[in-house]
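The next block holds one structure in the form of structure tokens; read it before the comments.
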Amino acid sequence: MHLDKYPVISTNKHRSYEFLSEGPKGAIKKVVVFDELHPDLYNLAFGDWDETTQQLRDDTISNNADRDKILATVAHAVVDFMSHHPNARLYAEGVTKAKTRLYQMGINANWAAISQLFDINGFANNKWESFQHNKNYDAFTLEAK
């Protein structure tokens, strides 16, 4: 995917990534973390870095006028993570329904490129299925083809 994205710094053996969101609210440190839930199953966590608590905050809304660039940067982190962990399966769910919907919009908008690299499943009505456009999901999994 050749989308405008921020430069990232990978840390912790390609399990976390940091970058700065630049916009009208200044520079905001963002973090993408891949937490291992079970062997080869990772949760994708993303949000603002809170310097006071030294923790990722996935419940903040920055509104720094760079949503698409941020999503492209997170997608880049996913591709990099998967290249270093080829047997991994990612689980992603927004902290709110709106954030989950935002992730789904990103998948839909970049489906041509994403579907070449990954198999994506969606969770709806208490079951997992192959991702379908125009269907709302509560969560997603992604794994390399």
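By order of appearance in the structure tokens: chains A, B, ..., then residues from 1 within every chain, and ligands from 1 in the order shown.
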
Check your understanding: Hey, what's within 10 Å of region 61-75 of chain A if we count only C-alpha atoms and toss same-chain stuff fewer than 4 positions away? As a PyMOL selection string, please?
Key -> chain A and resi 1-8+17-28+30-33+44-48+57+79-81+99+102-103+106-107+110+114

Can you write just those residues out, C-alpha atoms, as an mmCIF file, in the first residue's frame?
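Writing done, so here's out00.cif:
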```cif
data_model
loop_
_atom_site.group_PDB
_atom_site.id
_atom_site.type_symbol
_atom_site.label_atom_id
_atom_site.label_comp_id
_atom_site.auth_asym_id
_atom_site.auth_seq_id
_atom_site.Cartn_x
_atom_site.Cartn_y
_atom_site.Cartn_z
ATOM 1 C CA MET A 1 0.000 0.000 0.000
ATOM 2 C CA HIS A 2 1.439 3.336 -1.034
ATOM 3 C CA LEU A 3 -0.432 5.649 1.308
ATOM 4 C CA ASP A 4 0.879 8.760 3.012
ATOM 5 C CA LYS A 5 2.093 7.631 6.443
ATOM 6 C CA TYR A 6 4.257 8.772 9.326
ATOM 7 C CA PRO A 7 7.743 7.397 9.979
ATOM 8 C CA VAL A 8 7.633 4.759 12.725
ATOM 9 C CA TYR A 17 5.742 0.883 17.179
ATOM 10 C CA GLU A 18 5.792 4.602 17.897
ATOM 11 C CA PHE A 19 5.142 7.637 15.715
ATOM 12 C CA LEU A 20 4.103 11.260 15.987
ATOM 13 C CA SER A 21 0.782 12.542 14.693
ATOM 14 C CA GLU A 22 1.276 16.081 13.345
ATOM 15 C CA GLY A 23 -1.669 18.444 13.058
ATOM 16 C CA PRO A 24 -3.393 21.529 14.432
ATOM 17 C CA LYS A 25 -3.100 20.165 17.988
ATOM 18 C CA GLY A 26 0.663 19.749 17.622
ATOM 19 C CA ALA A 27 2.672 16.536 17.828
ATOM 20 C CA ILE A 28 0.887 13.669 19.549
ATOM 21 C CA LYS A 30 0.920 7.392 19.049
ATOM 22 C CA VAL A 31 1.708 3.783 19.871
ATOM 23 C CA VAL A 32 0.801 0.490 18.194
ATOM 24 C CA VAL A 33 1.341 -2.596 20.367
ATOM 25 C CA LEU A 44 -3.551 -5.143 18.137
ATOM 26 C CA ALA A 45 -3.712 -2.187 20.519
ATOM 27 C CA PHE A 46 -3.440 1.383 19.281
ATOM 28 C CA GLY A 47 -3.748 4.805 20.858
ATOM 29 C CA ASP A 48 -2.116 7.899 22.295
ATOM 30 C CA ARG A 57 -4.570 5.267 25.986
ATOM 31 C CA VAL A 79 2.525 -5.265 7.666
ATOM 32 C CA ASP A 80 5.931 -4.876 9.324
ATOM 33 C CA PHE A 81 4.866 -6.879 12.386
ATOM 34 C CA LYS A 99 -13.594 2.883 16.469
ATOM 35 C CA LEU A 102 -13.421 3.152 11.621
ATOM 36 C CA TYR A 103 -11.163 0.101 11.368
ATOM 37 C CA GLY A 106 -10.054 1.350 6.579
ATOM 38 C CA ILE A 107 -10.206 -2.325 5.588
ATOM 39 C CA ASN A 110 -7.837 -0.594 1.086
ATOM 40 C CA ILE A 114 -4.994 -5.909 2.035
#
```

Contact check, region 54-119 of chain A to region 125-145 of chain A, at most 12 Å, counting only C-alpha atoms, closest pairs as CSV:
```
residue,atom,partner,partner_atom,distance
A:Ala75,CA,A:Leu142,CA,11.6
A:Val78,CA,A:Leu142,CA,9.6
A:Val79,CA,A:Ala144,CA,9.4
A:Asp80,CA,A:Ala144,CA,11.7
A:Phe81,CA,A:Ala144,CA,10.9
A:Met82,CA,A:Ala144,CA,7.2
A:Ser83,CA,A:Ala144,CA,8.8
A:His84,CA,A:Ala144,CA,11.3
A:His85,CA,A:Ala144,CA,9.5
A:Pro86,CA,A:Ala144,CA,6.6
A:Asn87,CA,A:Ala144,CA,7.3
A:Ala88,CA,A:Glu143,CA,6.5
A:Arg89,CA,A:Glu143,CA,4.7
A:Leu90,CA,A:Leu142,CA,5.1
A:Tyr91,CA,A:Thr141,CA,4.5
A:Ala92,CA,A:Phe140,CA,5.2
A:Glu93,CA,A:Ala139,CA,4.5
A:Gly94,CA,A:Ala139,CA,7.5
A:Val95,CA,A:Ala139,CA,10.3
A:Thr96,CA,A:Asp138,CA,9.5
A:Lys97,CA,A:Asp138,CA,7.4
A:Ala98,CA,A:Asp138,CA,10.3
A:Lys99,CA,A:Asp138,CA,10.1
A:Thr100,CA,A:Asp138,CA,6.7
A:Arg101,CA,A:Asn136,CA,7.3
A:Leu102,CA,A:Asn136,CA,10.7
A:Tyr103,CA,A:Phe140,CA,9.1
A:Gln104,CA,A:Tyr137,CA,7.7
A:Met105,CA,A:His133,CA,9.4
A:Gly106,CA,A:His133,CA,11.3
A:Ile107,CA,A:His133,CA,9.0
A:Asn108,CA,A:His133,CA,6.5
A:Ala109,CA,A:His133,CA,9.9
A:Asn110,CA,A:His133,CA,11.5
A:Trp111,CA,A:His133,CA,9.1
A:Ala112,CA,A:His133,CA,11.9
A:Ile114,CA,A:Leu142,CA,9.8
A:Ser115,CA,A:Lys145,CA,8.7
A:Gln116,CA,A:Lys145,CA,7.8
A:Leu117,CA,A:Lys145,CA,5.9
A:Phe118,CA,A:Ala144,CA,4.5
A:Asp119,CA,A:Glu143,CA,5.4
```

Practice item. Taking the DSSP assignment computed from this structure's backbone, write out as a PyMOL selection string all residues of chain A that belong to strand (DSSP E). Key: chain A and resi 9-11+16-23+26-38+41-50+55-57+89-92+118-124+127-130+139-144
